[in-house]
file entry-v2.cif (mmCIF, C-alpha atoms and all ligand atoms)
data_data
#
loop_
_atom_site.label_atom_id
_atom_site.label_comp_id
_atom_site.auth_asym_id
_atom_site.auth_seq_id
_atom_site.Cartn_x
_atom_site.Cartn_y
_atom_site.Cartn_z
CA MET A 30 32.20 -2.46 9.61
CA THR A 31 30.47 -5.19 7.54
CA ASN A 32 28.52 -4.37 4.40
CA GLU A 33 25.36 -4.89 6.36
CA ASP A 34 26.49 -2.38 8.99
CA ALA A 35 27.46 0.14 6.33
CA ARG A 36 24.07 -0.16 4.69
CA SER A 37 22.35 0.13 8.06
CA ALA A 38 24.33 3.20 8.96
CA GLY A 39 23.19 4.89 5.76
CA ALA A 40 26.77 5.07 4.54
CA GLY A 41 27.50 5.62 0.87
CA THR A 42 25.45 7.89 -1.34
CA ALA A 43 22.36 9.14 0.40
CA LEU A 44 19.16 9.21 -1.58
CA LEU A 45 17.64 11.50 1.00
CA ASP A 46 19.58 13.59 3.47
CA VAL A 47 17.40 15.55 5.86
CA ARG A 48 19.43 18.09 7.83
CA ASP A 49 18.33 19.93 10.94
CA LEU A 50 14.71 20.20 9.77
CA ARG A 51 12.42 22.47 11.78
CA VAL A 52 8.66 22.89 11.51
CA GLU A 53 6.34 25.10 13.54
CA PHE A 54 2.57 25.48 13.71
CA ARG A 55 0.91 28.70 14.71
CA THR A 56 -1.92 27.74 17.04
CA ARG A 57 -4.24 29.61 19.37
CA ASP A 58 -2.09 28.49 22.31
CA GLY A 59 1.11 29.76 20.74
CA VAL A 60 3.76 28.34 18.46
CA ALA A 61 3.83 24.53 18.48
CA LYS A 62 7.35 23.35 17.74
CA ALA A 63 6.48 20.11 16.02
CA VAL A 64 9.86 19.31 14.45
CA ASN A 65 12.99 20.57 16.21
CA GLY A 66 16.14 19.82 14.27
CA VAL A 67 15.55 16.38 12.75
CA SER A 68 18.34 14.88 10.66
CA TYR A 69 18.26 11.52 8.93
CA ARG A 70 19.62 9.80 5.84
CA VAL A 71 18.18 7.11 3.62
CA ALA A 72 20.33 5.26 1.08
CA PRO A 73 18.90 3.62 -2.05
CA GLY A 74 17.38 0.26 -1.12
CA GLN A 75 17.43 1.09 2.58
CA THR A 76 14.49 1.10 5.00
CA LEU A 77 14.42 3.64 7.81
CA ALA A 78 11.73 3.07 10.42
CA VAL A 79 10.50 6.05 12.41
CA LEU A 80 9.03 5.24 15.82
CA GLY A 81 7.58 7.34 18.60
CA GLU A 82 4.43 8.12 20.52
CA SER A 83 1.50 9.98 19.05
CA GLY A 84 2.32 13.65 18.48
CA SER A 85 6.10 13.20 18.37
CA GLY A 86 6.33 14.72 14.88
CA LYS A 87 6.67 11.62 12.70
CA SER A 88 4.02 12.58 10.16
CA VAL A 89 4.84 16.28 10.12
CA THR A 90 8.49 15.47 9.35
CA ALA A 91 7.34 13.22 6.49
CA GLN A 92 4.95 15.88 5.18
CA ALA A 93 7.74 18.47 5.19
CA VAL A 94 10.01 16.06 3.29
CA MET A 95 7.26 15.36 0.74
CA GLY A 96 6.30 19.01 0.45
CA ILE A 97 2.69 18.44 1.50
CA LEU A 98 2.75 20.24 4.83
CA ASP A 99 -0.51 21.86 5.85
CA SER A 100 0.72 25.42 5.37
CA PRO A 101 -0.53 27.61 6.95
CA PRO A 102 -0.68 26.85 9.87
CA GLY A 103 2.51 24.80 9.39
CA ARG A 104 5.81 26.35 8.33
CA VAL A 105 9.27 24.94 7.70
CA THR A 106 11.49 27.30 9.71
CA GLY A 107 14.87 25.74 9.03
CA GLY A 108 16.94 22.92 7.64
CA GLU A 109 17.45 21.16 4.34
CA VAL A 110 15.78 18.27 2.54
CA VAL A 111 18.46 17.09 0.13
CA PHE A 112 17.02 14.55 -2.28
CA GLN A 113 19.28 13.15 -5.01
CA GLY A 114 21.68 15.98 -4.37
CA ARG A 115 19.18 18.88 -4.49
CA ASP A 116 17.68 20.76 -1.56
CA LEU A 117 13.95 20.43 -2.20
CA LEU A 118 13.19 23.36 0.08
CA THR A 119 14.84 25.70 -2.44
CA LEU A 120 12.82 24.49 -5.44
CA ARG A 121 9.94 26.37 -7.02
CA LYS A 122 6.48 24.96 -6.37
CA ASP A 123 6.10 23.43 -9.83
CA GLU A 124 9.57 21.83 -9.69
CA ARG A 125 8.80 20.45 -6.28
CA ARG A 126 5.53 19.01 -7.56
CA ARG A 127 7.36 17.29 -10.41
CA VAL A 128 9.82 15.60 -8.03
CA ARG A 129 6.95 14.56 -5.80
CA GLY A 130 4.97 13.11 -8.67
CA ALA A 131 7.75 11.13 -10.28
CA LYS A 132 10.50 10.45 -7.77
CA MET A 133 8.90 10.22 -4.37
CA ALA A 134 5.54 8.86 -3.31
CA MET A 135 3.61 8.53 -0.08
CA ILE A 136 1.36 5.80 1.24
CA PHE A 137 -1.11 6.76 3.96
CA GLN A 138 -2.97 4.82 6.60
CA ASP A 139 -6.38 5.42 5.16
CA ALA A 140 -6.69 4.43 1.50
CA LEU A 141 -10.37 5.27 1.40
CA SER A 142 -9.73 8.96 1.98
CA ALA A 143 -6.57 9.01 -0.15
CA LEU A 144 -8.27 7.55 -3.22
CA ASN A 145 -10.92 9.36 -5.24
CA PRO A 146 -14.30 7.77 -4.41
CA VAL A 147 -15.97 8.69 -7.71
CA LEU A 148 -13.29 7.35 -10.06
CA SER A 149 -12.68 3.67 -10.75
CA VAL A 150 -9.30 2.41 -9.54
CA GLY A 151 -8.34 1.70 -13.14
CA ALA A 152 -9.08 5.30 -14.11
CA GLN A 153 -7.04 6.62 -11.17
CA LEU A 154 -4.07 4.40 -11.91
CA GLY A 155 -4.37 5.00 -15.65
CA GLU A 156 -4.48 8.76 -15.14
CA MET A 157 -0.95 8.63 -13.71
CA PHE A 158 0.36 7.21 -16.99
CA GLN A 159 -1.77 9.46 -19.18
CA VAL A 160 -0.75 12.64 -17.38
CA HIS A 161 2.90 11.89 -16.62
CA GLU A 162 3.87 9.62 -19.49
CA GLY A 163 1.48 10.78 -22.20
CA MET A 164 0.04 7.30 -22.76
CA SER A 165 -3.22 6.66 -24.59
CA ARG A 166 -6.21 5.75 -22.45
CA LYS A 167 -6.15 2.18 -23.64
CA ASP A 168 -2.43 1.66 -22.96
CA ALA A 169 -2.78 3.36 -19.59
CA ARG A 170 -5.56 0.98 -18.64
CA GLY A 171 -3.38 -1.96 -19.68
CA ARG A 172 -0.59 -0.68 -17.41
CA ALA A 173 -3.13 -0.23 -14.59
CA VAL A 174 -4.10 -3.90 -14.88
CA GLU A 175 -0.44 -4.96 -14.83
CA LEU A 176 0.19 -2.92 -11.72
CA MET A 177 -2.91 -4.31 -9.99
CA GLU A 178 -1.65 -7.79 -10.76
CA ARG A 179 1.79 -6.89 -9.46
CA VAL A 180 0.37 -5.85 -6.08
CA GLY A 181 -1.63 -9.06 -5.82
CA ILE A 182 -5.19 -8.02 -6.66
CA PRO A 183 -7.05 -11.13 -7.82
CA ALA A 184 -8.97 -10.90 -11.12
CA ALA A 185 -7.38 -7.51 -11.81
CA ARG A 186 -8.63 -7.43 -15.42
CA GLU A 187 -12.24 -7.84 -14.29
CA ARG A 188 -11.90 -5.45 -11.37
CA VAL A 189 -10.11 -2.55 -13.05
CA GLY A 190 -13.42 -0.70 -13.47
CA ASP A 191 -14.45 -1.10 -9.81
CA TYR A 192 -14.55 1.83 -7.38
CA PRO A 193 -12.43 2.07 -4.20
CA HIS A 194 -15.34 1.24 -1.85
CA GLN A 195 -15.87 -2.07 -3.68
CA PHE A 196 -12.51 -3.36 -2.42
CA SER A 197 -11.64 -4.65 1.05
CA GLY A 198 -9.35 -2.56 3.27
CA GLY A 199 -6.33 -4.73 2.47
CA MET A 200 -6.99 -4.61 -1.27
CA ARG A 201 -7.44 -0.84 -1.14
CA GLN A 202 -4.09 -0.56 0.59
CA ARG A 203 -2.56 -2.63 -2.23
CA ILE A 204 -4.12 -0.23 -4.74
CA MET A 205 -2.56 2.69 -2.90
CA ILE A 206 0.81 0.91 -3.10
CA ALA A 207 0.21 0.47 -6.83
CA MET A 208 -0.52 4.22 -7.17
CA ALA A 209 2.67 5.00 -5.29
CA LEU A 210 4.72 2.68 -7.51
CA ALA A 211 3.18 3.76 -10.80
CA LEU A 212 5.87 6.18 -11.89
CA GLY A 213 8.80 4.18 -10.51
CA PRO A 214 9.72 6.39 -7.52
CA ASP A 215 13.13 6.23 -5.86
CA LEU A 216 11.71 6.93 -2.39
CA ILE A 217 8.49 5.85 -0.71
CA ILE A 218 7.26 7.25 2.57
CA ALA A 219 4.71 4.96 4.19
CA ASP A 220 2.91 6.56 7.14
CA GLU A 221 1.40 3.76 9.24
CA PRO A 222 0.47 1.89 6.04
CA THR A 223 -1.05 -1.12 7.79
CA THR A 224 -2.40 0.30 11.06
CA ALA A 225 -6.04 0.28 9.92
CA LEU A 226 -5.92 -3.37 8.80
CA ASP A 227 -6.43 -6.54 10.78
CA VAL A 228 -3.37 -8.47 11.84
CA THR A 229 -3.07 -11.13 9.12
CA VAL A 230 -3.77 -8.63 6.37
CA GLN A 231 -1.23 -6.26 7.93
CA ALA A 232 1.48 -8.86 7.56
CA GLN A 233 0.59 -9.56 3.92
CA VAL A 234 0.56 -5.90 2.94
CA MET A 235 3.83 -5.25 4.77
CA ASP A 236 5.46 -8.27 3.10
CA LEU A 237 4.35 -6.96 -0.28
CA LEU A 238 5.77 -3.51 0.42
CA ALA A 239 9.08 -4.95 1.64
CA GLU A 240 9.32 -7.25 -1.39
CA LEU A 241 8.67 -4.43 -3.87
CA GLN A 242 11.09 -2.17 -2.07
CA ARG A 243 13.87 -4.77 -2.37
CA GLU A 244 13.04 -5.64 -5.95
CA LEU A 245 12.98 -2.01 -7.08
CA THR A 246 15.83 -0.85 -4.78
CA MET A 247 13.75 2.05 -3.49
CA GLY A 248 14.45 3.91 -0.29
CA LEU A 249 11.64 3.45 2.21
CA ILE A 250 10.73 5.50 5.25
CA LEU A 251 8.33 3.47 7.32
CA ILE A 252 6.44 5.29 10.05
CA THR A 253 4.95 2.74 12.39
CA HIS A 254 3.93 1.90 15.93
CA ASP A 255 4.47 -1.78 15.31
CA LEU A 256 7.76 -2.96 16.73
CA GLY A 257 7.30 -6.43 15.25
CA VAL A 258 7.06 -5.02 11.73
CA VAL A 259 10.10 -2.84 12.30
CA ALA A 260 12.30 -5.75 13.35
CA ASP A 261 11.42 -7.66 10.19
CA VAL A 262 11.78 -5.01 7.53
CA ALA A 263 13.86 -2.04 8.68
CA ASP A 264 17.62 -1.53 8.44
CA THR A 265 17.76 1.51 10.71
CA ILE A 266 15.43 2.98 13.32
CA ALA A 267 15.00 6.60 14.31
CA VAL A 268 13.11 7.11 17.57
CA MET A 269 11.36 10.47 17.87
CA TYR A 270 10.32 12.37 20.99
CA ALA A 271 8.87 15.90 21.11
CA GLY A 272 9.92 16.66 17.55
CA ARG A 273 13.49 15.38 17.90
CA ILE A 274 15.29 12.20 17.06
CA VAL A 275 16.45 10.88 20.41
CA GLU A 276 18.07 7.69 19.21
CA THR A 277 19.07 6.22 15.90
CA ALA A 278 20.70 2.83 15.34
CA PRO A 279 20.80 -0.25 13.13
CA VAL A 280 17.64 -2.14 14.01
CA HIS A 281 19.06 -5.21 15.72
CA GLN A 282 21.53 -3.21 17.79
CA LEU A 283 18.74 -0.97 19.03
CA TYR A 284 16.68 -3.98 20.09
CA ARG A 285 19.62 -5.69 21.74
CA ALA A 286 20.78 -2.67 23.70
CA PRO A 287 19.04 0.72 23.50
CA ALA A 288 21.18 3.77 24.26
CA HIS A 289 18.32 6.06 25.33
CA PRO A 290 15.96 5.62 28.30
CA TYR A 291 12.95 6.50 26.14
CA THR A 292 13.78 3.72 23.67
CA ARG A 293 14.28 1.38 26.57
CA GLY A 294 10.84 2.36 27.87
CA LEU A 295 9.27 1.65 24.48
CA LEU A 296 10.93 -1.75 24.26
CA ASP A 297 10.13 -2.67 27.86
CA SER A 298 6.48 -1.86 27.34
CA VAL A 299 6.20 -4.54 24.67
CA PRO A 300 6.56 -7.97 26.21
CA ARG A 301 7.15 -9.87 22.96
CA LEU A 302 8.97 -8.21 20.12
CA ASP A 303 8.22 -11.02 17.71
CA GLN A 304 4.52 -10.53 18.19
CA LYS A 305 3.09 -8.61 15.25
CA GLY A 306 0.27 -6.14 15.40
CA ARG A 307 1.05 -4.98 18.91
CA ARG A 308 0.91 -1.26 19.50
CA LEU A 309 3.24 0.58 21.80
CA TYR A 310 2.01 1.25 25.29
CA ALA A 311 2.39 4.78 26.52
CA ILE A 312 5.28 5.28 28.90
CA LYS A 313 4.44 6.70 32.34
CA GLY A 314 3.25 10.29 32.03
CA MET A 315 2.43 12.27 28.92
CA PRO A 316 4.52 13.70 26.12
CA PRO A 317 5.00 17.48 26.61
CA SER A 318 2.91 20.14 24.96
CA LEU A 319 4.79 21.31 21.89
CA THR A 320 4.07 24.92 22.81
CA ALA A 321 5.94 24.44 26.10
CA ILE A 322 8.69 21.86 25.65
CA PRO A 323 10.54 21.41 28.99
CA PRO A 324 14.05 22.91 29.23
CA GLY A 325 17.08 20.65 29.31
CA CYS A 326 16.23 17.16 28.09
CA PRO A 327 12.59 17.22 26.94
CA PHE A 328 12.15 13.69 28.32
CA HIS A 329 13.32 14.56 31.86
CA PRO A 330 9.87 14.82 33.52
CA ARG A 331 9.20 11.19 32.55
CA CYS A 332 12.68 9.75 32.72
CA PRO A 333 13.43 7.33 35.56
CA LEU A 334 17.15 8.14 35.22
CA ALA A 335 16.96 11.96 35.21
CA GLN A 336 19.68 13.87 37.11
CA ASP A 337 20.07 17.62 37.78
CA ILE A 338 21.95 18.22 34.53
CA CYS A 339 19.00 16.80 32.58
CA ARG A 340 16.73 19.59 33.83
CA THR A 341 19.02 22.35 32.55
CA ASP A 342 21.29 21.14 29.72
CA PRO A 343 19.76 19.85 26.49
CA PRO A 344 21.65 16.70 25.48
CA PRO A 345 23.22 16.82 22.01
CA LEU A 346 22.95 13.78 19.79
CA TYR A 347 26.03 11.89 21.04
CA GLU A 348 27.70 9.39 18.73
CA ALA A 349 27.14 6.07 20.45
CA GLY A 350 28.99 3.68 18.15
CA PRO A 351 29.12 3.08 14.39
CA GLY A 352 25.86 4.29 12.87
CA ARG A 353 24.44 4.95 16.33
CA ALA A 354 23.50 8.14 18.13
CA SER A 355 21.66 8.97 21.34
CA ALA A 356 20.44 12.27 22.77
CA CYS A 357 21.02 11.30 26.38
CA HIS A 358 23.72 12.59 28.75
CA PHE A 359 23.86 9.09 30.17
CA TRP A 360 23.81 7.08 26.95
CA LYS A 361 26.83 4.98 27.95
CA GLU A 362 25.28 3.93 31.23
CA THR A 363 21.96 3.23 29.46
CA LEU A 364 23.66 1.21 26.72
CA HIS A 365 25.56 -0.88 29.21
CA GLY A 366 22.54 -1.30 31.40
CA ALA A 367 24.29 0.18 34.43
CA ARG A 368 21.55 2.66 35.23
N1 LIG B 1 -2.54 20.84 10.97
C1 LIG B 1 -1.98 21.08 12.16
N2 LIG B 1 -2.25 22.20 12.85
C2 LIG B 1 -1.67 22.47 14.04
N3 LIG B 1 -0.77 21.66 14.64
C3 LIG B 1 -0.45 20.53 14.01
C4 LIG B 1 -1.04 20.16 12.73
N4 LIG B 1 -0.52 18.97 12.34
C5 LIG B 1 0.34 18.62 13.33
N5 LIG B 1 0.38 19.54 14.31
C6 LIG B 1 1.23 19.51 15.52
O1 LIG B 1 2.36 18.69 15.28
C7 LIG B 1 2.45 17.67 16.27
C8 LIG B 1 3.03 16.44 15.66
O2 LIG B 1 2.07 15.83 14.81
P1 LIG B 1 2.35 14.53 13.96
O3 LIG B 1 1.14 14.33 13.15
O4 LIG B 1 3.65 14.64 13.25
O5 LIG B 1 2.49 13.40 15.07
P2 LIG B 1 2.78 11.86 14.85
O6 LIG B 1 4.09 11.57 15.52
O7 LIG B 1 2.66 11.52 13.42
O8 LIG B 1 1.63 11.18 15.71
P3 LIG B 1 0.66 9.94 15.39
O9 LIG B 1 1.40 8.73 15.88
O10 LIG B 1 -0.54 10.22 16.22
O11 LIG B 1 0.36 9.91 13.93
C9 LIG B 1 1.04 17.52 16.79
O12 LIG B 1 1.05 17.09 18.12
C10 LIG B 1 0.50 18.94 16.70
O13 LIG B 1 0.90 19.68 17.82
S1 LIG B 2 19.37 13.14 29.33
FE1 LIG B 2 18.66 12.65 31.38
S2 LIG B 2 16.42 12.92 31.33
FE2 LIG B 2 17.15 12.80 29.21
S3 LIG B 2 16.94 10.69 28.70
FE3 LIG B 2 19.03 10.93 29.44
S4 LIG B 2 18.94 10.45 31.63
FE4 LIG B 2 16.83 10.77 30.93
MG MG B 3 1.29 10.43 12.32
#
call {"tool": "encode", "arguments": {"input": "entry-v2.cif", "output": "structure tokens"}}
result
Amino acid sequence: MTNEDARSAGAGTALLDVRDLRVEFRTRDGVAKAVNGVSYRVAPGQTLAVLGESGSGKSVTAQAVMGILDSPPGRVTGGEVVFQGRDLLTLRKDERRRVRGAKMAMIFQDALSALNPVLSVGAQLGEMFQVHEGMSRKDARGRAVELMERVGIPAARERVGDYPHQFSGGMRQRIMIAMALALGPDLIIADEPTTALDVTVQAQVMDLLAELQRELTMGLILITHDLGVVADVADTIAVMYAGRIVETAPVHQLYRAPAHPYTRGLLDSVPRLDQKGRRLYAIKGMPPSLTAIPPGCPFHPRCPLAQDICRTDPPPLYEAGPGRASACHFWKETLHGAR
């Protein structure tokens, strides 16, 4: 295994080790099983991309890891979230909040709703330093300007007193990145951070995030629909379906030869992988209702390769090579393109 492979496989010390995580929502239609035994690891300086159709559980998994799950109705029903050696699910609320404030940060799709509309961006950034690092107002403002400069906001010194709505979408997203970076986190979770932006701005914001992540050796979990972005910045991909990881692999291996029919469907539905800004097309049929996940392999009603066993026996996550795994009974045939 080369160094690159080892890094991709998440070998070495994990920053984050999510084990068999389960989340349910109580709804009027019954219990929605949104996350059903998700495991993944992120090493320092590594980027894990999480892909999957709408409703597959990408955001809920991230919210459970961050400790910001909408609860109730959501509830973590099992698993561990081991971050820097401690299971966050066992921490008291105040301890959890401290880890979240200082060590892990989240970037959302919509900066306008994530930022406070009635506070200037300088005040919001400065507040982080005042509250967490006990800085004076003046020093905190100075740090806010530095951070705004670092994320590429022109005329930061003049604009530090402006409000979020006075910035363009791309600039607001940069401000949210600055907020996330303020306390020097070790892990960033970015949930579709560029989806709301137009294509050229998307690329700039993503380049900035990737650059900062490398420079600061942070772990990054990047939730995205954009296969072009993933190929450029991720080390490893986890593909989710119906609240499970169905395939995980180093990024280039997954593109070259997927080991799960669902991944193959996602790749086949995008004609040009090097084309940025393209969203995934839905595969034939619909993802299942999470209150009634089909028995056997949850993908079987949509899978062109389904056999009898798929309708009855849930596939485990088979090891499909170094750093690779696939939850398909026929992963070998899929990998070798025989089926
Ligand atoms: N607040 C909530 N109340 C009830 N059910 C919820 C709630 N949030 C999420 N869910 C359930 O969890 C499922 C997974 O949602 P999640 O937001 O993780 O999907 P996603 O993969 O991030 O999709 P998208 O690509 O659309 O962002 C939803 O389909 C829904 O059934
Ligand atoms: S286990 Fe069967 S239904 Fe599921 S993905 Fe593999 S071939 Fe398709
Ligand atoms: Mg989501």
call {"tool": "residues_near_ligand", "arguments": {"input": "entry-v2.cif", "ligand": "ligand MG 3 (chain B)", "cutoff": "10 Å", "atoms": "all atoms listed in the file", "output": "list in words"}}
result
Leu80, Gly81, Glu82, Ser83, Gly84, Ser85, Gly86, Lys87, Ser88, Val89, Thr90, Ala91, Gln92, Phe137, Gln138, Asp220, Glu221, Ile252, Thr253 and His254 of chain A
call {"tool": "write_last_selection", "arguments": {"input": "entry-v2.cif", "atoms": "C-alpha atoms", "output": "PDB file, keeping the file's coordinate frame"}}
result
ATOM      1  CA  LEU A  80       9.030   5.240  15.820  1.00  0.00           C
ATOM      2  CA  GLY A  81       7.580   7.340  18.600  1.00  0.00           C
ATOM      3  CA  GLU A  82       4.430   8.120  20.520  1.00  0.00           C
ATOM      4  CA  SER A  83       1.500   9.980  19.050  1.00  0.00           C
ATOM      5  CA  GLY A  84       2.320  13.650  18.480  1.00  0.00           C
ATOM      6  CA  SER A  85       6.100  13.200  18.370  1.00  0.00           C
ATOM      7  CA  GLY A  86       6.330  14.720  14.880  1.00  0.00           C
ATOM      8  CA  LYS A  87       6.670  11.620  12.700  1.00  0.00           C
ATOM      9  CA  SER A  88       4.020  12.580  10.160  1.00  0.00           C
ATOM     10  CA  VAL A  89       4.840  16.280  10.120  1.00  0.00           C
ATOM     11  CA  THR A  90       8.490  15.470   9.350  1.00  0.00           C
ATOM     12  CA  ALA A  91       7.340  13.220   6.490  1.00  0.00           C
ATOM     13  CA  GLN A  92       4.950  15.880   5.180  1.00  0.00           C
ATOM     14  CA  PHE A 137      -1.110   6.760   3.960  1.00  0.00           C
ATOM     15  CA  GLN A 138      -2.970   4.820   6.600  1.00  0.00           C
ATOM     16  CA  ASP A 220       2.910   6.560   7.140  1.00  0.00           C
ATOM     17  CA  GLU A 221       1.400   3.760   9.240  1.00  0.00           C
ATOM     18  CA  ILE A 252       6.440   5.290  10.050  1.00  0.00           C
ATOM     19  CA  THR A 253       4.950   2.740  12.390  1.00  0.00           C
ATOM     20  CA  HIS A 254       3.930   1.900  15.930  1.00  0.00           C
TER      21      HIS A 254
END
call {"tool": "atom_distance", "arguments": {"input": "entry-v2.cif", "atom1": "atom CA of Lys122 of chain A", "atom2": "atom CA of Gly107 of chain A"}}
result
17.6 Å
call {"tool": "axis_aligned_box", "arguments": {"input": "entry-v2.cif", "around": "segment 195-214 of chain A", "padding_each_side": "5 Å", "output": "JSON"}}
result
{"center_x": -3.1, "center_y": 0.8, "center_z": -4.3, "size_x": 35.6, "size_y": 21.1, "size_z": 25.2}
call {"tool": "closest_residue", "arguments": {"input": "entry-v2.cif", "among": "A:Thr223, A:Thr265, A:Ser298, A:Thr292", "to": "ligand LIG 2 (chain B)", "atoms": "only C-alpha atoms and all ligand atoms"}}
result
A:Thr292
call {"tool": "residues_around", "arguments": {"input": "entry-v2.cif", "residues": "Ser149 of chain A", "least_positions_apart": "5", "cutoff": "6 Å", "atoms": "all atoms listed in the file", "output": "PDB file with C-alpha atoms, in the coordinates of the input"}}
result
ATOM      1  CA  GLY A 190     -13.420  -0.700 -13.470  1.00  0.00           C
ATOM      2  CA  ASP A 191     -14.450  -1.100  -9.810  1.00  0.00           C
ATOM      3  CA  TYR A 192     -14.550   1.830  -7.380  1.00  0.00           C
TER       4      TYR A 192
END
call {"tool": "residues_near_ligand", "arguments": {"input": "entry-v2.cif", "ligand": "ligand LIG 2 (chain B)", "cutoff": "6 Å", "atoms": "all atoms listed in the file", "output": "VMD selection string"}}
result
chain A and resid 289 to 290 326 328 to 329 332 334 to 336 339 344 357 to 359
call {"tool": "closest_residue", "arguments": {"input": "entry-v2.cif", "among": "A:Arg186, A:Arg104, A:Arg129, A:Lys313", "to": "ligand LIG 1 (chain B)", "atoms": "only C-alpha atoms and all ligand atoms"}}
result
A:Arg104
call {"tool": "closest_residue", "arguments": {"input": "entry-v2.cif", "among": "A:Met269, A:Met135, A:Ala185, A:Ala143", "to": "Gly96 of chain A", "atoms": "only C-alpha atoms"}}
result
A:Met135
call {"tool": "closest_residue", "arguments": {"input": "entry-v2.cif", "among": "A:Val150, A:Pro324, A:Ile338, A:Gly114", "to": "Gln195 of chain A", "atoms": "all atoms listed in the file"}}
result
A:Val150
